[in-house]
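**Q** One structure follows; several queries about it will come next.
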Amino acid sequence: MEKIKEVVIESSENVILARQVAREMARELGFGLADQTRITTAVSELSRNIYLYAGTGRVVVRAMSGGVRKGMEVVAEDRGPGIPDIEMAMQDGYSTSRGLGQGLPGTKRLMDEFEIKSGAGAGTTVTIRKWL
Amino acid sequence: MDRVPILRIGDTLILTLQMELHDRVALRFQEDVLKEIHATTARGLVIDVSAVELVDSFMGRVLSDTATMARTMGVETVLVGIQPAIAITLQEMGLELRGVHFALNLEKGLTLLRNMGETAYGEN
Amino acid sequence: MTGKGALNVSELLIKREREIMDDWTKAQADIPAFKKGLITEKQLKDDSARFLKVLAGAAAGGNLEDLTAPEYDDVNRFLANLAASRAAQGFSPSETATYIFSLKNTVFRFLQDEFGNRPGELLKAAIDFSGLMDKLGLVVFETYVKGREGVIGEQQRSMLELSTPVIQIWEEILVSPLIGTIDSARARQIMESLLEMIVATKSSIVIMDITGVPAVDTEVANRLLRTMQAAKLMGAESILTGIGPQISQTIVHLGVDLSGVITRASLRDGLDLAFRKLRFKVTRSEG
């Protein structure tokens, strides 16, 4: 059984909505407060990146409760300018700059799984997962 | 109500953040605080975040920047009431809140400012 | 904390109950959680009116600190019911606590209005009221924890208590005697448990003793450092104790950066330092 919710990101208000949707789903799945906060913060970072650098995109939140393991997956995607050098963006020092990819290394540390697909002019898709 | 109210007690300003900070509101409160510091003789700023459920890198930067800006005007900032779940997340993300002091609650925050010699509480 | 400050707050709550209620209701409209449609405006108003009433009643005697006193029975009962009913309606513990906290700004505004020209009294009243609100917020959280939620979750709680005790050894001082290996799961438990204790006991010093930790590598060192940094965000200073000659050599060889961390060889030394920092003195009585 899967539960999916999608939030279109076009403004900073949408970022707040995405956070609420994520928190709600995390809570329903049974994540404790600390994990709820980790997940919600990660979603906030990813949504904000979409809004700031691509202008528009979407965040899809999915509850994975079918199998043995329960967890949550969030896919944040946009068709924006993309990240030309992912490796650099994932370096710690980079996240303190005000550029693209702000908060990505930090987000990765909060999650159990983190995947990113991006390229110059090719948009960006970040997938994160947290397991109960 | 788009502004965050600023309480003034002697030379200390107290700001209690309570709602989801839109980018607009966040930058607004930064502006308001700096204006208030400029207009009064404030030496200390306490930002109460006990009701804040989430601090991401944006919010962290707003807080950090506000504190650094306040410092250029001679004001030290103490952040009080960070919830455990948030302290954990900030730590794990590696989000450093520069230029800010920390205390558990308003009372301890005010004591900290006093001990730093910034404000003159308890001396009257 | 009784006395003038407390009386000022309770008088204010009673004297200007109507206005405070109006102002607070208006402020609530700005909290996104309450726009979700999970609760009717009428119920919100009824809850708020009831809360103000029991709060004013409880604070009437000037006690803003001891929630176990009988005058707070109604308040505690109200909060427990509130937490339960909000949980059933789908609100998170934070959202419910935020609802309670949102009264802070409203009351602060009125306090400023009443005592603006008497900063000493205003200060006292603000501190006392803020402290009271923080405590009430905690009551909300605790009710949820008894139910299901909490930073660490009910299931883990009992295991946690056994394996990573955090002891309040004295007023304001917590000791965490670490024993055995510290893997990442345990490190997380230690951190969560410690932070919760800091809030519950309002401690300002944490002593982490690693006498019982057999090996410290870079991973373990980093985990300890992270815990100490998180404690700092909650206004607590950490002291690392129990560093024997072997571990001190390892730490230096590994190049672990302990600058900024206060360390002492023994728990005893750490306690000594903590007492000095808090300006406590231990004296032996005569006879």
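Identifiers for the structure tokens are assigned positionally: chains receive A, B, ... in sequence, residues are indexed from 1 per chain, and ligands are indexed from 1 in the order shown.
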Mind running chain B against chain C at 6 Å and telling me each contacting residue's nearest atom pair with the distance in Å (one decimal), counting only C-alpha atoms, chain and number ascending, as JSON lines?
**A**
```
{"residue": "B:Ile9", "atom": "CA", "partner": "C:Pro119", "partner_atom": "CA", "distance": 5.6}
{"residue": "B:Gly10", "atom": "CA", "partner": "C:Pro119", "partner_atom": "CA", "distance": 5.7}
{"residue": "B:Met19", "atom": "CA", "partner": "C:Ile31", "partner_atom": "CA", "distance": 5.7}
{"residue": "B:Ala51", "atom": "CA", "partner": "C:Thr98", "partner_atom": "CA", "distance": 5.1}
{"residue": "B:Pro84", "atom": "CA", "partner": "C:Leu195", "partner_atom": "CA", "distance": 5.6}
{"residue": "B:Ala87", "atom": "CA", "partner": "C:Ala230", "partner_atom": "CA", "distance": 5.4}
{"residue": "B:Gln91", "atom": "CA", "partner": "C:Ala230", "partner_atom": "CA", "distance": 5.9}
{"residue": "B:Phe102", "atom": "CA", "partner": "C:Gly235", "partner_atom": "CA", "distance": 4.8}
{"residue": "B:Ala103", "atom": "CA", "partner": "C:Gly235", "partner_atom": "CA", "distance": 3.7}
{"residue": "B:Leu104", "atom": "CA", "partner": "C:Gly235", "partner_atom": "CA", "distance": 5.0}
{"residue": "B:Glu107", "atom": "CA", "partner": "C:Ile127", "partner_atom": "CA", "distance": 5.5}
```
**Q** Generate a file of the selected residues that holds C-alpha atoms, formatted as a CSV table (one decimal), in the first residue's frame.
**A**
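Okay, out-v1.csv is ready:
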```csv
chain,number,residue,atom,x,y,z
B,9,ILE,CA,12.9,45.8,28.3
B,10,GLY,CA,15.5,48.4,29.2
B,19,MET,CA,5.1,31.2,12.9
B,51,ALA,CA,7.8,27.7,19.2
B,84,PRO,CA,16.0,19.1,21.0
B,87,ALA,CA,19.4,21.0,17.8
B,91,GLN,CA,24.1,19.4,14.2
B,102,PHE,CA,22.8,30.0,23.0
B,103,ALA,CA,20.8,29.6,26.1
B,104,LEU,CA,18.0,27.3,27.2
B,107,GLU,CA,15.8,33.7,31.9
```
**Q** Using DSSP on the backbone coordinates, identify all residues within region 46-211 of chain C classified as helix (DSSP H, G or I); present the result as a short mmCIF file (atom, residue, chain, number, x, y, z; two decimals) with N, CA and C atoms, in the first residue's frame.
**A**
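Full text of result34.cif as output:
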```cif
data_model
loop_
_atom_site.label_atom_id
_atom_site.label_comp_id
_atom_site.auth_asym_id
_atom_site.auth_seq_id
_atom_site.Cartn_x
_atom_site.Cartn_y
_atom_site.Cartn_z
N ASP C 46 -13.24 28.44 22.03
CA ASP C 46 -13.64 27.85 23.31
C ASP C 46 -12.42 27.37 24.09
N ASP C 47 -11.50 26.69 23.39
CA ASP C 47 -10.27 26.20 24.04
C ASP C 47 -9.49 27.37 24.62
N SER C 48 -9.35 28.42 23.81
CA SER C 48 -8.54 29.56 24.24
C SER C 48 -9.15 30.24 25.46
N ALA C 49 -10.48 30.42 25.42
CA ALA C 49 -11.15 31.07 26.54
C ALA C 49 -10.96 30.25 27.81
N ARG C 50 -11.13 28.95 27.67
CA ARG C 50 -11.00 28.06 28.82
C ARG C 50 -9.57 28.10 29.37
N PHE C 51 -8.60 28.06 28.47
CA PHE C 51 -7.21 28.07 28.89
C PHE C 51 -6.88 29.34 29.66
N LEU C 52 -7.30 30.48 29.13
CA LEU C 52 -7.03 31.74 29.80
C LEU C 52 -7.66 31.76 31.18
N LYS C 53 -8.86 31.20 31.24
CA LYS C 53 -9.56 31.20 32.52
C LYS C 53 -8.81 30.37 33.56
N VAL C 54 -8.46 29.14 33.20
CA VAL C 54 -7.79 28.30 34.21
C VAL C 54 -6.40 28.83 34.52
N LEU C 55 -5.77 29.45 33.52
CA LEU C 55 -4.44 29.98 33.74
C LEU C 55 -4.49 31.16 34.70
N ALA C 56 -5.44 32.06 34.46
CA ALA C 56 -5.58 33.22 35.35
C ALA C 56 -5.87 32.75 36.77
N GLY C 57 -6.72 31.75 36.87
CA GLY C 57 -7.06 31.21 38.18
C GLY C 57 -5.85 30.62 38.88
N ALA C 58 -5.07 29.84 38.13
CA ALA C 58 -3.90 29.19 38.72
C ALA C 58 -2.85 30.21 39.16
N ALA C 59 -2.67 31.23 38.32
CA ALA C 59 -1.62 32.21 38.61
C ALA C 59 -2.05 33.23 39.65
N PRO C 70 -1.62 22.44 43.89
CA PRO C 70 -3.04 22.18 43.61
C PRO C 70 -3.70 23.23 42.72
N GLU C 71 -3.24 24.50 42.82
CA GLU C 71 -3.88 25.51 41.98
C GLU C 71 -3.70 25.24 40.49
N TYR C 72 -2.74 24.39 40.15
CA TYR C 72 -2.51 24.09 38.74
C TYR C 72 -3.22 22.82 38.26
N ASP C 73 -4.00 22.21 39.14
CA ASP C 73 -4.70 20.98 38.73
C ASP C 73 -5.56 21.21 37.49
N ASP C 74 -6.31 22.29 37.51
CA ASP C 74 -7.19 22.55 36.36
C ASP C 74 -6.39 22.78 35.09
N VAL C 75 -5.29 23.50 35.22
CA VAL C 75 -4.46 23.78 34.05
C VAL C 75 -3.89 22.47 33.50
N ASN C 76 -3.35 21.65 34.38
CA ASN C 76 -2.76 20.39 33.94
C ASN C 76 -3.80 19.50 33.27
N ARG C 77 -5.01 19.48 33.87
CA ARG C 77 -6.06 18.66 33.31
C ARG C 77 -6.44 19.19 31.92
N PHE C 78 -6.54 20.51 31.84
CA PHE C 78 -6.89 21.12 30.57
C PHE C 78 -5.87 20.77 29.50
N LEU C 79 -4.59 20.89 29.84
CA LEU C 79 -3.54 20.62 28.86
C LEU C 79 -3.52 19.16 28.42
N ALA C 80 -3.75 18.26 29.37
CA ALA C 80 -3.77 16.84 29.03
C ALA C 80 -4.91 16.57 28.05
N ASN C 81 -6.09 17.12 28.35
CA ASN C 81 -7.22 16.93 27.45
C ASN C 81 -6.97 17.58 26.10
N LEU C 82 -6.37 18.77 26.15
CA LEU C 82 -6.07 19.47 24.90
C LEU C 82 -5.14 18.64 24.03
N ALA C 83 -4.07 18.15 24.65
CA ALA C 83 -3.09 17.35 23.91
C ALA C 83 -3.77 16.14 23.28
N ALA C 84 -4.61 15.49 24.07
CA ALA C 84 -5.28 14.29 23.56
C ALA C 84 -6.23 14.63 22.42
N SER C 85 -7.03 15.66 22.60
CA SER C 85 -8.01 15.97 21.57
C SER C 85 -7.33 16.51 20.31
N ARG C 86 -6.28 17.30 20.47
CA ARG C 86 -5.58 17.80 19.29
C ARG C 86 -4.89 16.66 18.54
N ALA C 87 -4.35 15.72 19.32
CA ALA C 87 -3.69 14.57 18.68
C ALA C 87 -4.70 13.82 17.83
N ALA C 88 -5.89 13.62 18.41
CA ALA C 88 -6.94 12.91 17.69
C ALA C 88 -7.35 13.67 16.44
N GLN C 89 -7.23 15.00 16.50
CA GLN C 89 -7.61 15.78 15.33
C GLN C 89 -6.50 15.86 14.29
N PRO C 93 2.52 17.26 18.25
CA PRO C 93 2.74 17.86 19.56
C PRO C 93 3.31 19.27 19.45
N SER C 94 4.18 19.48 18.45
CA SER C 94 4.73 20.83 18.27
C SER C 94 3.64 21.83 17.96
N GLU C 95 2.71 21.42 17.11
CA GLU C 95 1.65 22.34 16.75
C GLU C 95 0.82 22.72 17.95
N THR C 96 0.55 21.75 18.81
CA THR C 96 -0.23 22.03 20.00
C THR C 96 0.57 22.91 20.96
N ALA C 97 1.85 22.60 21.10
CA ALA C 97 2.68 23.42 21.98
C ALA C 97 2.78 24.84 21.43
N THR C 98 2.90 24.96 20.10
CA THR C 98 2.98 26.27 19.48
C THR C 98 1.74 27.09 19.77
N TYR C 99 0.60 26.42 19.78
CA TYR C 99 -0.65 27.09 20.10
C TYR C 99 -0.56 27.70 21.49
N ILE C 100 -0.05 26.93 22.45
CA ILE C 100 0.12 27.44 23.81
C ILE C 100 1.14 28.58 23.83
N PHE C 101 2.26 28.38 23.15
CA PHE C 101 3.31 29.40 23.14
C PHE C 101 2.86 30.70 22.50
N LEU C 103 0.61 32.38 23.03
CA LEU C 103 0.10 33.33 24.01
C LEU C 103 1.22 34.25 24.52
N LYS C 104 2.45 33.79 24.37
CA LYS C 104 3.59 34.57 24.89
C LYS C 104 3.61 35.98 24.35
N ASN C 105 3.61 36.10 23.02
CA ASN C 105 3.71 37.43 22.42
C ASN C 105 2.57 38.33 22.82
N THR C 106 1.37 37.75 22.86
CA THR C 106 0.22 38.54 23.25
C THR C 106 0.41 39.10 24.66
N VAL C 107 0.72 38.23 25.59
CA VAL C 107 0.88 38.68 26.97
C VAL C 107 2.06 39.64 27.10
N PHE C 108 3.12 39.38 26.38
CA PHE C 108 4.28 40.28 26.42
C PHE C 108 3.85 41.70 26.03
N ARG C 109 3.04 41.77 24.99
CA ARG C 109 2.59 43.08 24.53
C ARG C 109 1.83 43.80 25.62
N PHE C 110 0.96 43.05 26.30
CA PHE C 110 0.18 43.67 27.37
C PHE C 110 1.05 44.04 28.56
N LEU C 111 2.02 43.20 28.84
CA LEU C 111 2.94 43.49 29.94
C LEU C 111 3.69 44.78 29.64
N GLN C 112 4.12 44.88 28.40
CA GLN C 112 4.85 46.08 28.00
C GLN C 112 3.97 47.31 28.15
N ASP C 113 2.71 47.12 27.81
CA ASP C 113 1.74 48.19 27.93
C ASP C 113 1.57 48.63 29.39
N GLU C 114 1.42 47.66 30.28
CA GLU C 114 1.20 47.97 31.69
C GLU C 114 2.45 48.47 32.39
N PHE C 115 3.58 47.82 32.10
CA PHE C 115 4.77 48.10 32.91
C PHE C 115 5.90 48.71 32.10
N PRO C 119 10.97 49.09 33.96
CA PRO C 119 11.68 47.98 33.32
C PRO C 119 12.04 46.83 34.26
N GLY C 120 12.37 47.17 35.50
CA GLY C 120 12.73 46.10 36.43
C GLY C 120 11.58 45.13 36.62
N GLU C 121 10.38 45.66 36.82
CA GLU C 121 9.22 44.79 37.03
C GLU C 121 8.83 44.10 35.74
N LEU C 122 8.94 44.82 34.65
CA LEU C 122 8.60 44.25 33.36
C LEU C 122 9.47 43.05 33.07
N LEU C 123 10.74 43.22 33.36
CA LEU C 123 11.70 42.14 33.13
C LEU C 123 11.32 40.90 33.91
N LYS C 124 11.06 41.09 35.20
CA LYS C 124 10.72 39.96 36.06
C LYS C 124 9.48 39.26 35.55
N ALA C 125 8.47 40.06 35.24
CA ALA C 125 7.22 39.48 34.78
C ALA C 125 7.42 38.70 33.48
N ALA C 126 8.20 39.27 32.57
CA ALA C 126 8.43 38.60 31.29
C ALA C 126 9.16 37.27 31.49
N ILE C 127 10.18 37.29 32.32
CA ILE C 127 10.93 36.06 32.59
C ILE C 127 10.03 35.00 33.20
N ASP C 128 9.26 35.41 34.22
CA ASP C 128 8.40 34.45 34.89
C ASP C 128 7.35 33.88 33.95
N PHE C 129 6.75 34.75 33.15
CA PHE C 129 5.71 34.26 32.27
C PHE C 129 6.28 33.35 31.19
N SER C 130 7.41 33.75 30.66
CA SER C 130 8.05 32.92 29.64
C SER C 130 8.39 31.54 30.20
N GLY C 131 8.93 31.54 31.42
CA GLY C 131 9.27 30.27 32.06
C GLY C 131 8.04 29.40 32.24
N LEU C 132 6.95 30.02 32.64
CA LEU C 132 5.71 29.28 32.85
C LEU C 132 5.23 28.68 31.54
N MET C 133 5.23 29.47 30.48
CA MET C 133 4.78 28.99 29.18
C MET C 133 5.64 27.82 28.71
N ASP C 134 6.95 27.93 28.92
CA ASP C 134 7.85 26.85 28.52
C ASP C 134 7.45 25.57 29.25
N LYS C 135 7.17 25.69 30.54
CA LYS C 135 6.80 24.51 31.33
C LYS C 135 5.50 23.91 30.81
N LEU C 136 4.54 24.78 30.51
CA LEU C 136 3.25 24.28 30.04
C LEU C 136 3.42 23.59 28.68
N GLY C 137 4.30 24.15 27.86
CA GLY C 137 4.57 23.52 26.57
C GLY C 137 5.13 22.12 26.77
N LEU C 138 5.98 21.99 27.78
CA LEU C 138 6.57 20.69 28.09
C LEU C 138 5.50 19.69 28.50
N VAL C 139 4.53 20.19 29.27
CA VAL C 139 3.43 19.31 29.71
C VAL C 139 2.74 18.73 28.48
N VAL C 140 2.55 19.58 27.48
CA VAL C 140 1.91 19.12 26.25
C VAL C 140 2.74 18.02 25.61
N PHE C 141 4.03 18.27 25.47
CA PHE C 141 4.91 17.26 24.88
C PHE C 141 4.87 15.97 25.66
N GLU C 142 4.95 16.11 26.97
CA GLU C 142 4.98 14.90 27.80
C GLU C 142 3.71 14.08 27.66
N THR C 143 2.58 14.76 27.51
CA THR C 143 1.33 14.03 27.35
C THR C 143 1.38 13.22 26.06
N TYR C 144 1.92 13.82 25.01
CA TYR C 144 2.04 13.11 23.74
C TYR C 144 2.97 11.91 23.89
N VAL C 145 4.07 12.12 24.60
CA VAL C 145 5.04 11.04 24.75
C VAL C 145 4.39 9.85 25.43
N LYS C 146 3.60 10.15 26.44
CA LYS C 146 2.91 9.05 27.13
C LYS C 146 2.01 8.34 26.15
N GLY C 147 1.51 9.12 25.20
CA GLY C 147 0.69 8.51 24.16
C GLY C 147 1.55 7.78 23.16
N GLU C 154 8.29 5.76 22.13
CA GLU C 154 8.03 4.95 23.30
C GLU C 154 8.82 3.65 23.36
N GLN C 155 8.88 2.95 22.23
CA GLN C 155 9.51 1.62 22.23
C GLN C 155 10.96 1.69 22.66
N GLN C 156 11.63 2.71 22.14
CA GLN C 156 13.05 2.78 22.44
C GLN C 156 13.33 3.29 23.84
N ARG C 157 12.32 3.96 24.38
CA ARG C 157 12.55 4.67 25.63
C ARG C 157 13.08 3.80 26.75
N SER C 158 12.45 2.67 27.01
CA SER C 158 12.89 1.85 28.14
C SER C 158 14.26 1.26 27.91
N MET C 159 14.54 0.85 26.68
CA MET C 159 15.85 0.32 26.37
C MET C 159 16.89 1.40 26.60
N LEU C 160 16.52 2.54 26.13
CA LEU C 160 17.39 3.71 26.24
C LEU C 160 17.76 4.00 27.68
N GLU C 161 16.74 3.98 28.53
CA GLU C 161 16.99 4.32 29.91
C GLU C 161 17.97 3.35 30.55
N LEU C 162 17.90 2.10 30.14
CA LEU C 162 18.82 1.13 30.71
C LEU C 162 20.23 1.30 30.19
N SER C 163 20.35 1.53 28.92
CA SER C 163 21.69 1.51 28.35
C SER C 163 22.42 2.84 28.36
N SER C 184 27.02 4.32 15.87
CA SER C 184 26.24 5.49 15.50
C SER C 184 24.83 5.47 16.07
N ALA C 185 24.24 4.27 16.18
CA ALA C 185 22.89 4.19 16.74
C ALA C 185 22.89 4.61 18.20
N ARG C 186 23.87 4.12 18.92
CA ARG C 186 23.95 4.47 20.34
C ARG C 186 24.26 5.94 20.53
N ALA C 187 25.13 6.44 19.67
CA ALA C 187 25.49 7.86 19.77
C ALA C 187 24.24 8.71 19.61
N ARG C 188 23.37 8.28 18.69
CA ARG C 188 22.14 9.03 18.46
C ARG C 188 21.26 8.98 19.71
N GLN C 189 21.16 7.80 20.31
CA GLN C 189 20.35 7.66 21.52
C GLN C 189 20.87 8.55 22.64
N ILE C 190 22.20 8.52 22.78
CA ILE C 190 22.83 9.33 23.83
C ILE C 190 22.50 10.79 23.62
N MET C 191 22.64 11.24 22.37
CA MET C 191 22.39 12.65 22.07
C MET C 191 20.95 13.03 22.39
N GLU C 192 20.00 12.20 21.92
CA GLU C 192 18.60 12.52 22.13
C GLU C 192 18.26 12.52 23.62
N SER C 193 18.74 11.53 24.31
CA SER C 193 18.44 11.41 25.73
C SER C 193 19.03 12.59 26.51
N LEU C 194 20.25 12.94 26.16
CA LEU C 194 20.92 14.04 26.83
C LEU C 194 20.19 15.36 26.63
N LEU C 195 19.81 15.63 25.39
CA LEU C 195 19.12 16.89 25.10
C LEU C 195 17.79 16.98 25.83
N GLU C 196 17.08 15.86 25.87
CA GLU C 196 15.81 15.86 26.58
C GLU C 196 16.02 16.15 28.06
N MET C 197 17.08 15.58 28.61
CA MET C 197 17.38 15.80 30.03
C MET C 197 17.76 17.25 30.28
N ILE C 198 18.47 17.85 29.34
CA ILE C 198 18.86 19.25 29.52
C ILE C 198 17.61 20.10 29.65
N VAL C 199 16.64 19.83 28.79
CA VAL C 199 15.40 20.58 28.84
C VAL C 199 14.66 20.30 30.14
N ALA C 200 14.57 19.05 30.51
CA ALA C 200 13.80 18.67 31.69
C ALA C 200 14.41 19.20 32.98
N THR C 201 15.73 19.23 33.06
CA THR C 201 16.37 19.64 34.31
C THR C 201 16.94 21.05 34.24
#
```
**Q** At a cut-off of 10 Å, using only C-alpha atoms, what residues contact Arg129 (chain A)? Leave out same-chain residues fewer than 5 positions from it and give the result as a list in words.
**A**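 The contact residues come out as Ile39, Val61, Arg62, Ala63, Met64, Gly71, Met72, Glu73, Val74, Val75, Lys108, Leu110, Met111, Asp112, Glu113, Phe114 and Glu115 of chain A.
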**Q** Please measure the separation of CA of Thr16 (chain B) and CA of Glu96 (chain B), giving the value in Å to one decimal.
**A** 21.0 Å
**Q** Kindly assemble as JSON lines a list of the chain B residues that lie within 6 Å of chain A, each paired with its nearest atom pair and their distance in Å to one decimal, using only C-alpha atoms, sorted first by chain and then by ascending residue number.
**A**
```
{"residue": "B:Asp56", "atom": "CA", "partner": "A:Thr41", "partner_atom": "CA", "distance": 5.7}
{"residue": "B:Ala85", "atom": "CA", "partner": "A:Ala34", "partner_atom": "CA", "distance": 4.7}
{"residue": "B:Thr89", "atom": "CA", "partner": "A:Arg38", "partner_atom": "CA", "distance": 5.8}
{"residue": "B:Met93", "atom": "CA", "partner": "A:Gly106", "partner_atom": "CA", "distance": 3.9}
```
**Q** Select, from C:Leu258, C:Leu178, C:Ile173, C:Ile251, the residue with the minimum atom-to-atom distance to Val213 (chain C), counting only C-alpha atoms.
**A** C:Leu178
**Q** Just the strand (DSSP E) stuff from chain B, please, per backbone DSSP, written as a VMD selection string.
**A** chain B and resid 6 to 9 12 to 16 44 to 48 76 to 80 101 to 103
**Q** Save out the residues we just selected, C-alpha atoms, as a PDB file, in the first residue's frame.
**A**
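Output file part.pdb is given in full below:
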```pdb
ATOM      1  CA  ILE B   6       9.600  43.153  19.386  1.00  0.00           C
ATOM      2  CA  LEU B   7       9.426  43.553  23.133  1.00  0.00           C
ATOM      3  CA  ARG B   8      11.761  46.004  24.719  1.00  0.00           C
ATOM      4  CA  ILE B   9      12.928  45.787  28.302  1.00  0.00           C
ATOM      5  CA  THR B  12      17.363  44.344  25.789  1.00  0.00           C
ATOM      6  CA  LEU B  13      15.139  43.467  22.863  1.00  0.00           C
ATOM      7  CA  ILE B  14      13.132  40.261  22.954  1.00  0.00           C
ATOM      8  CA  LEU B  15      11.789  38.688  19.813  1.00  0.00           C
ATOM      9  CA  THR B  16       9.551  35.624  20.004  1.00  0.00           C
ATOM     10  CA  GLY B  44      21.279  42.814  23.846  1.00  0.00           C
ATOM     11  CA  LEU B  45      18.918  40.814  21.667  1.00  0.00           C
ATOM     12  CA  VAL B  46      17.126  37.653  22.676  1.00  0.00           C
ATOM     13  CA  ILE B  47      15.442  35.607  19.975  1.00  0.00           C
ATOM     14  CA  ASP B  48      13.063  33.036  21.434  1.00  0.00           C
ATOM     15  CA  GLU B  76      24.988  40.645  21.130  1.00  0.00           C
ATOM     16  CA  THR B  77      22.361  38.057  20.263  1.00  0.00           C
ATOM     17  CA  VAL B  78      21.254  35.027  22.249  1.00  0.00           C
ATOM     18  CA  LEU B  79      19.058  32.359  20.741  1.00  0.00           C
ATOM     19  CA  VAL B  80      16.872  30.631  23.321  1.00  0.00           C
ATOM     20  CA  HIS B 101      25.076  32.682  21.624  1.00  0.00           C
ATOM     21  CA  PHE B 102      22.784  30.014  22.975  1.00  0.00           C
ATOM     22  CA  ALA B 103      20.791  29.576  26.147  1.00  0.00           C
TER      23      ALA B 103
END
```
**Q** When you count only C-alpha atoms, which of these residues is closest to chain C: A:Arg69, A:Arg58, A:Arg27, A:Arg79?
**A**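 The shortest atom-to-atom distance to chain C comes from A:Arg27.
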**Q** C:Thr25, C:Leu13, C:Phe91, C:Gln43: which is nearest chain A, counting only C-alpha atoms?
**A**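 Among C:Thr25, C:Leu13, C:Phe91, C:Gln43, it is C:Phe91 that comes nearest to chain A.
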**Q** Which of these residues is nearest to chain A, using only C-alpha atoms: C:Val252, C:Gly90, C:Asn8, C:Ile14?
**A**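 Closest to chain A of all the choices is C:Gly90.
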**Q** I want to know what sits within 7 Å of Leu267 (chain C), based on only C-alpha atoms, with residues of the same chain fewer than 3 positions away left out; could you give that as a ChimeraX atom specification?
**A** /C:209,241-242,270-271
**Q** Produce a file of the selected residues containing C-alpha atoms, as a PDB file, in the first residue's frame.
**A**
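Full text of part-v6.pdb as output:
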```pdb
ATOM      1  CA  ASP C 209      32.586  10.436  31.090  1.00  0.00           C
ATOM      2  CA  THR C 241      36.182  13.280  31.340  1.00  0.00           C
ATOM      3  CA  GLY C 242      37.747   9.871  31.809  1.00  0.00           C
ATOM      4  CA  GLY C 270      35.112  17.329  35.851  1.00  0.00           C
ATOM      5  CA  LEU C 271      32.689  17.692  38.706  1.00  0.00           C
TER       6      LEU C 271
END
```
**Q** Rounded to one decimal, what separation in Å do you get between CA of Val25 (chain B) and CA of Val4 (chain B)?
**A** 7.8 Å
**Q** Could you state the separation of CA of Leu63 (chain B) and CA of Glu92 (chain B) in Å, given to one decimal place?
**A**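 Taking CA of Leu63 (chain B) as the start and CA of Glu92 (chain B) as the end point, the length is 18.1 Å.
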